[in-house]
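Undergrad: As input, take target-v6.csv (CSV, C-alpha atoms and all ligand atoms):
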chain,number,residue,atom,x,y,z
E,1,MET,CA,129.2,121.7,76.0
E,2,HIS,CA,130.0,120.5,79.5
E,3,PRO,CA,130.3,116.8,80.0
E,4,ARG,CA,127.0,115.6,81.5
E,5,THR,CA,127.1,114.6,85.2
E,6,THR,CA,126.2,110.9,85.6
E,7,ILE,CA,123.2,110.6,87.9
E,8,THR,CA,123.0,107.2,89.7
E,9,PRO,CA,119.5,105.5,89.6
E,10,GLN,CA,119.5,105.7,93.4
E,11,LEU,CA,120.0,109.4,93.5
E,12,ARG,CA,117.4,109.9,90.7
E,13,ASP,CA,114.9,107.8,92.7
E,14,TRP,CA,115.7,109.7,95.9
E,15,ILE,CA,115.1,113.1,94.3
E,16,LEU,CA,111.8,112.0,92.8
E,17,THR,CA,110.5,110.3,96.0
E,18,THR,CA,111.6,113.2,98.2
E,19,THR,CA,109.9,115.9,96.1
E,20,ARG,CA,106.8,113.7,95.6
E,21,ASP,CA,106.6,113.4,99.4
E,22,GLY,CA,106.1,117.1,99.5
E,23,HIS,CA,109.6,118.4,100.2
E,24,SER,CA,110.5,121.6,98.3
E,25,VAL,CA,113.4,121.8,95.9
E,26,THR,CA,115.2,124.1,98.3
E,27,GLU,CA,115.1,121.3,101.0
E,28,VAL,CA,116.3,118.7,98.5
E,29,LEU,CA,119.3,121.0,97.6
E,30,ARG,CA,120.0,121.5,101.3
E,31,LEU,CA,119.9,117.8,102.0
E,32,MET,CA,122.3,117.1,99.1
E,33,LYS,CA,124.7,119.8,100.4
E,34,ASP,CA,124.6,118.2,103.9
E,35,ASN,CA,125.6,115.0,102.2
E,36,GLY,CA,128.6,116.5,100.6
E,37,TYR,CA,127.4,117.4,97.1
E,38,ASP,CA,128.8,120.5,95.5
E,39,PRO,CA,125.8,122.9,95.4
E,40,ARG,CA,126.4,123.8,91.7
E,41,GLN,CA,126.5,120.2,90.8
E,42,SER,CA,123.3,119.4,92.8
E,43,ARG,CA,121.5,122.2,91.1
E,44,SER,CA,122.1,120.8,87.6
E,45,ILE,CA,121.3,117.2,88.8
E,46,VAL,CA,118.0,118.3,90.4
E,47,ALA,CA,117.1,120.4,87.3
E,48,GLU,CA,117.8,117.4,85.1
E,49,VAL,CA,115.9,114.9,87.2
E,50,LEU,CA,112.9,117.2,87.7
E,51,LYS,CA,113.1,118.6,84.1
E,52,LEU,CA,113.2,122.1,85.5
E,53,PRO,CA,115.0,125.1,84.0
E,54,LEU,CA,118.4,125.4,85.6
E,55,ALA,CA,117.8,129.2,86.1
E,56,ALA,CA,115.0,128.4,88.6
E,57,LEU,CA,117.5,126.7,90.9
E,58,ASN,CA,120.2,129.3,90.7
E,59,ALA,CA,120.0,131.5,93.7
E,60,ALA,CA,120.9,134.7,91.8
E,61,ALA,CA,118.7,134.5,88.7
E,62,PRO,CA,120.1,136.6,85.9
E,63,GLY,CA,118.1,139.7,85.2
E,64,ALA,CA,117.5,138.9,81.5
E,65,SER,CA,116.1,141.7,79.4
E,66,PRO,CA,115.5,145.4,80.1
E,67,ARG,CA,112.6,145.6,82.5
E,68,GLY,CA,109.3,146.1,80.8
E,69,LEU,CA,105.8,146.4,82.2
E,70,ARG,CA,104.4,144.4,85.1
E,71,THR,CA,100.8,143.6,85.8
E,72,ARG,CA,98.8,145.2,88.7
E,73,HIS,CA,97.6,142.5,91.1
E,74,PRO,CA,93.8,142.8,91.6
E,75,GLU,CA,92.8,143.6,95.2
E,76,ALA,CA,90.2,141.8,97.3
E,77,PRO,CA,87.3,141.7,97.8
E,78,GLU,CA,86.2,142.5,94.2
E,79,VAL,CA,87.0,144.6,91.2
E,80,ASP,CA,84.4,146.2,89.0
E,81,VAL,CA,85.7,145.9,85.4
E,82,ASP,CA,83.5,148.1,83.3
E,83,GLY,CA,80.4,146.8,85.1
E,84,HIS,CA,81.6,143.2,85.3
E,85,LEU,CA,82.2,142.3,89.0
E,86,VAL,CA,85.2,140.0,89.5
E,87,GLY,CA,85.6,138.5,93.0
E,88,ILE,CA,89.0,137.8,94.6
E,89,SER,CA,88.6,134.8,96.8
E,90,LEU,CA,92.3,134.0,97.6
E,91,SER,CA,95.5,136.1,97.6
E,92,VAL,CA,99.1,134.9,97.9
E,93,GLU,CA,102.0,137.4,98.0
E,94,ASN,CA,105.0,135.3,96.8
E,95,PRO,CA,104.4,134.7,94.0
E,96,ALA,CA,101.6,137.3,93.5
E,97,LEU,CA,98.6,135.0,92.9
E,98,ARG,CA,94.9,135.6,93.0
E,99,VAL,CA,92.0,133.3,92.6
E,100,LEU,CA,89.4,135.2,90.5
E,101,GLU,CA,85.7,134.3,90.7
E,102,ASN,CA,83.2,135.1,88.0
E,103,LEU,CA,85.9,136.3,85.6
E,104,LEU,CA,83.9,134.7,82.7
E,105,ALA,CA,80.2,134.3,82.4
E,106,ALA,CA,78.9,130.7,81.9
E,107,GLU,CA,77.7,131.6,78.3
E,108,GLU,CA,81.2,133.0,77.5
E,109,CYS,CA,82.8,129.7,78.7
E,110,GLU,CA,80.4,127.6,76.6
E,111,GLU,CA,80.9,129.8,73.5
E,112,LEU,CA,84.7,129.6,73.8
E,113,ILE,CA,84.5,125.8,74.0
E,114,ALA,CA,82.2,125.6,71.0
E,115,LEU,CA,84.5,127.8,69.0
E,116,ALA,CA,87.7,126.0,69.9
E,117,GLN,CA,86.5,122.4,69.7
E,118,PRO,CA,86.8,122.0,65.9
E,119,ARG,CA,90.3,123.5,65.9
E,120,LEU,CA,91.9,121.3,68.6
E,121,LYS,CA,95.4,119.8,68.1
E,122,ARG,CA,97.8,118.1,70.4
E,123,ALA,CA,99.2,120.9,72.6
E,124,LEU,CA,102.8,122.0,72.0
E,125,THR,CA,105.3,123.5,74.4
E,126,VAL,CA,108.2,125.8,73.5
E,127,ALA,CA,111.5,123.9,73.2
E,128,SER,CA,114.8,125.2,74.5
E,129,ASP,CA,115.8,126.2,71.0
E,130,GLY,CA,112.6,128.3,70.6
E,131,SER,CA,110.7,125.9,68.3
E,132,ASN,CA,107.4,124.4,69.2
E,133,GLN,CA,107.5,120.7,70.2
E,134,VAL,CA,105.2,117.9,71.2
E,135,ASP,CA,105.9,117.3,74.9
E,136,GLN,CA,105.1,114.2,76.8
E,137,ARG,CA,104.7,116.3,79.9
E,138,ARG,CA,101.7,118.0,78.4
E,139,THR,CA,99.1,115.5,77.0
E,140,SER,CA,96.2,117.8,76.4
E,141,GLU,CA,94.9,119.1,73.1
E,142,GLY,CA,94.8,122.8,72.4
E,143,MET,CA,94.5,125.7,69.9
E,144,PHE,CA,95.3,129.4,69.8
E,145,PHE,CA,93.0,132.3,68.9
E,146,THR,CA,94.8,135.2,67.4
E,147,LEU,CA,94.6,138.5,69.3
E,148,ASN,CA,91.1,140.0,69.1
E,149,GLU,CA,90.2,137.3,66.6
E,150,LEU,CA,86.4,137.3,67.4
E,151,PRO,CA,84.3,139.8,69.4
E,152,LEU,CA,84.1,137.4,72.3
E,153,VAL,CA,87.9,136.9,72.4
E,154,GLY,CA,88.4,140.7,72.2
E,155,ARG,CA,86.0,141.3,75.0
E,156,ILE,CA,87.8,138.9,77.3
E,157,GLU,CA,91.2,140.3,76.4
E,158,GLN,CA,90.0,143.8,77.1
E,159,ARG,CA,88.5,142.6,80.5
E,160,LEU,CA,91.9,141.1,81.5
E,161,ALA,CA,93.8,144.2,80.3
E,162,THR,CA,91.6,146.5,82.5
E,163,LEU,CA,91.7,144.1,85.5
E,164,LEU,CA,95.5,143.8,85.4
E,165,GLY,CA,96.5,147.2,84.1
E,166,MET,CA,98.3,145.7,81.1
E,167,PRO,CA,97.6,146.7,77.5
E,168,VAL,CA,95.9,144.1,75.3
E,169,SER,CA,99.0,144.2,73.0
E,170,HIS,CA,101.2,142.6,75.7
E,171,GLY,CA,99.1,139.4,75.6
E,172,GLU,CA,99.9,136.3,73.6
E,173,GLY,CA,96.9,134.9,71.7
E,174,LEU,CA,94.4,133.1,74.0
E,175,GLN,CA,95.1,129.4,74.2
E,176,ILE,CA,92.4,126.9,74.8
E,177,LEU,CA,93.3,123.5,76.2
E,178,HIS,CA,91.2,120.4,76.6
E,179,TYR,CA,92.1,117.5,79.0
E,180,LEU,CA,90.5,114.1,79.1
E,181,PRO,CA,90.7,111.6,82.1
E,182,GLY,CA,94.4,110.9,82.9
E,183,GLN,CA,95.6,113.9,81.0
E,184,GLU,CA,97.7,116.5,82.8
E,185,TYR,CA,100.3,119.2,82.5
E,186,GLU,CA,103.3,118.3,84.7
E,187,PRO,CA,105.0,120.9,87.0
E,188,HIS,CA,106.5,123.7,84.9
E,189,PHE,CA,107.2,127.4,84.8
E,190,ASP,CA,105.6,129.7,82.3
E,191,TRP,CA,108.6,132.1,82.2
E,192,PHE,CA,111.3,131.4,79.7
E,193,ASP,CA,114.7,130.2,81.0
E,194,PRO,CA,117.3,132.8,80.3
E,195,GLN,CA,120.0,130.1,80.3
E,196,GLN,CA,118.5,128.2,77.4
E,197,PRO,CA,120.0,128.7,74.0
E,198,GLY,CA,116.6,129.7,72.4
E,199,TYR,CA,115.9,132.4,75.0
E,200,ASP,CA,116.8,135.3,72.7
E,201,THR,CA,114.6,134.0,69.9
E,202,ILE,CA,111.7,133.3,72.1
E,203,THR,CA,111.8,136.7,73.7
E,204,ALA,CA,113.0,138.8,70.7
E,205,VAL,CA,109.4,140.0,70.4
E,206,GLY,CA,107.6,140.9,73.6
E,207,GLY,CA,110.4,140.0,76.0
E,208,GLN,CA,109.9,137.7,79.0
E,209,ARG,CA,106.5,136.4,80.2
E,210,VAL,CA,105.5,138.2,83.4
E,211,ALA,CA,102.1,136.8,84.3
E,212,SER,CA,99.6,134.0,83.4
E,213,VAL,CA,95.8,133.8,83.8
E,214,VAL,CA,94.4,130.2,83.6
E,215,MET,CA,90.6,130.5,83.2
E,216,TYR,CA,88.4,127.4,83.8
E,217,LEU,CA,85.7,127.0,81.2
E,218,ASN,CA,84.0,124.0,82.9
E,219,THR,CA,84.0,122.2,86.2
E,220,PRO,CA,85.7,118.8,85.8
E,221,ALA,CA,83.7,116.0,87.7
E,222,GLN,CA,86.9,115.1,89.6
E,223,GLY,CA,90.5,116.3,89.5
E,224,GLY,CA,92.0,118.8,87.1
E,225,GLY,CA,92.9,121.5,89.6
E,226,THR,CA,96.0,123.7,89.2
E,227,ALA,CA,98.6,122.8,91.8
E,228,PHE,CA,101.4,125.1,93.1
E,229,PRO,CA,103.7,122.6,94.7
E,230,GLU,CA,106.0,125.2,96.3
E,231,LEU,CA,103.0,126.8,98.0
E,232,GLY,CA,101.2,123.5,98.9
E,233,LEU,CA,98.2,125.1,97.1
E,234,THR,CA,95.7,123.6,94.6
E,235,VAL,CA,93.2,125.9,92.9
E,236,THR,CA,89.9,124.1,92.1
E,237,ALA,CA,88.9,124.2,88.5
E,238,ARG,CA,85.4,125.7,88.5
E,239,ARG,CA,83.6,127.2,85.5
E,240,GLY,CA,84.1,131.0,85.2
E,241,ALA,CA,86.8,131.1,87.9
E,242,ALA,CA,90.5,131.7,87.1
E,243,VAL,CA,93.9,131.7,88.7
E,244,TYR,CA,96.2,134.7,88.0
E,245,PHE,CA,99.8,134.7,89.0
E,246,ALA,CA,102.8,136.9,88.2
E,247,TYR,CA,106.5,136.1,88.2
E,248,GLU,CA,110.0,137.1,87.1
E,249,GLY,CA,112.4,134.9,85.1
E,250,GLY,CA,114.2,132.7,87.7
E,251,ASP,CA,111.3,132.7,90.2
E,252,GLN,CA,110.7,129.3,91.8
E,253,GLN,CA,107.5,129.9,93.6
E,254,SER,CA,105.4,130.0,90.5
E,255,LEU,CA,106.0,126.3,89.7
E,256,HIS,CA,102.6,124.9,88.8
E,257,ALA,CA,100.9,121.9,87.2
E,258,GLY,CA,97.5,121.0,85.7
E,259,LEU,CA,96.6,117.9,87.8
E,260,PRO,CA,95.3,114.8,86.1
E,261,VAL,CA,91.6,114.9,85.4
E,262,GLN,CA,90.1,111.9,87.2
E,263,ARG,CA,86.5,112.0,85.9
E,264,GLY,CA,84.9,114.1,83.3
E,265,GLU,CA,86.9,116.6,81.2
E,266,LYS,CA,88.6,119.9,81.7
E,267,TRP,CA,88.6,123.0,79.5
E,268,ILE,CA,90.8,126.0,80.2
E,269,ALA,CA,91.7,129.3,78.4
E,270,THR,CA,95.2,130.5,79.2
E,271,LYS,CA,96.5,134.1,78.7
E,272,TRP,CA,100.2,134.7,79.0
E,273,LEU,CA,101.4,138.3,79.3
E,274,ARG,CA,104.7,139.7,78.1
E,275,GLU,CA,106.7,142.6,79.5
E,276,ARG,CA,106.6,144.4,76.2
E,277,PRO,CA,104.1,144.5,73.3
E,278,TYR,CA,103.9,141.1,71.6
E,279,GLY,CA,104.0,141.4,67.8
E,280,HIS,CA,101.0,139.7,66.4
E,281,SER,CA,101.5,140.5,62.7
E,282,HIS,CA,103.6,137.4,62.0
E,283,LYS,CA,100.7,135.1,63.0
E,284,ALA,CA,98.6,133.5,60.3
E,301,LIG,O1,95.8,123.1,83.3
E,301,LIG,C1,96.2,123.9,84.2
E,301,LIG,O2,95.5,123.9,85.2
E,301,LIG,C2,97.4,124.7,84.1
E,301,LIG,C3,97.7,125.1,82.7
E,301,LIG,C4,99.0,125.8,82.5
E,301,LIG,O3,99.8,125.7,83.4
E,301,LIG,C5,99.3,126.6,81.3
E,301,LIG,O4,98.5,126.6,80.4
E,301,LIG,O5,100.4,127.2,81.3
E,302,FE,FE,101.6,127.0,82.9
As a first step, turn the structure in this file into structure tokens.
Ligand SMILES: O=C(O)CCC(=O)C(=O)O
Ligand SMILES: [Fe+2]
TA:
Amino acid sequence: MHPRTTITPQLRDWILTTTRDGHSVTEVLRLMKDNGYDPRQSRSIVAEVLKLPLAALNAAAPGASPRGLRTRHPEAPEVDVDGHLVGISLSVENPALRVLENLLAAEECEELIALAQPRLKRALTVASDGSNQVDQRRTSEGMFFTLNELPLVGRIEQRLATLLGMPVSHGEGLQILHYLPGQEYEPHFDWFDPQQPGYDTITAVGGQRVASVVMYLNTPAQGGGTAFPELGLTVTARRGAAVYFAYEGGDQQSLHAGLPVQRGEKWIATKWLRERPYGHSHKA
């Protein structure tokens, strides 16, 4: 282990204030360099303070595993998925991001909520050693469906597979999350950090995550959008709509957060896609 760098309270405050004021991580690193910090050291300091994977801050991100499949980005204005019309109302190129309208019908959203509600537990995140952990950064409650667990789940998985040109087998089980007022999911990446010790365990089956689809199952009365701080973009949470985004391990632009719900509640279904088929047989 390397000795940990001591971070003065002043420097910690400055990094937090500067990023909260809307400056990007790249700018923070540049300012630190201008002030005489060794860039390698500033990267670990900023990663530590902002709780970001170090790999995200390293200019040359290591190409982790053999390259598997990538999703196809849906093209505006709309895509007909076996008779179900999905609208594309916003497109970003870096990262590839699409806001999808009418991905789910209102009845599908309601049914997913009703099925998930009795099975909710405090949401976990994947720890750096590969285990699941309770994380203060994610205060919502959640549950997972196994792949194709119910006809409705299978139908949605097939719709996503057709829309994104990625076999159903590359998907992790659909996750449902429920947020109450004040609950949020702080800025994070969905890809796994190749520099973390648990990376090989986490990616042994399925490889790296390559894309995410966050589907909104209801419309929170206020707040609860999905923010992309590096893009200055917030996607509104509206029932039936979704945000799809794709990335590579090491990518910085896909940093995102579930903003605090201010009034009402928020329900989402998240689908994470892997570069290779994800073994589902080990799941209970
Ligand atoms: O709650 C949101 O809007 C974002 C959820 C998210 O980032 C995730 O499930 O990975
Ligand atoms: Fe996420």
Undergrad: Report as a list in words which protein, DNA and RNA residues come within 7 Å of ligand FE 302 (chain E), using only C-alpha atoms and all ligand atoms.
TA: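 Sorted by chain and then by number, the residues are His188, Phe189, Asp190, His256 and Ala257 of chain E.
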Undergrad: Which is closest to ligand LIG 301 (chain E) among E:Gln183, E:Asn102, E:Thr201, E:Gln195, if we use all atoms listed in the file?
TA: E:Gln183
Undergrad: Within 9 Å of region 265-272 of chain E, counting all atoms listed in the file, which residues show up once you throw out same-chain ones fewer than 3 positions away? Write them as a PyMOL selection string, please.
TA: chain E and resi 109+112-113+157+160+170-181+190+209-224+237+239+242+261-262
Undergrad: So how far away is CA of Leu50 (chain E) from CA of Val28 (chain E), in Å?
TA: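 Distance reported for this atom pair: 11.4 Å.
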Undergrad: Using all atoms listed in the file, find the one residue out of E:Pro77, E:Gly36, E:Gly83, E:Pro53 that sits nearest to Gly250 (chain E).
TA: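 Nearest to Gly250 (chain E): E:Pro53.
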Undergrad: Counting all atoms listed in the file, which residue out of E:Asp129, E:Arg159, E:Ala105, E:Pro151 sits closest to Asp82 (chain E)?
TA: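 Selected residue with least distance to Asp82 (chain E): E:Arg159.
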Undergrad: Check the smallest atom-to-atom distance from each of E:Arg155, E:His23, E:Arg30, E:Arg12 to Lys51 (chain E) using all atoms listed in the file, then report the winner.
TA: E:Arg12
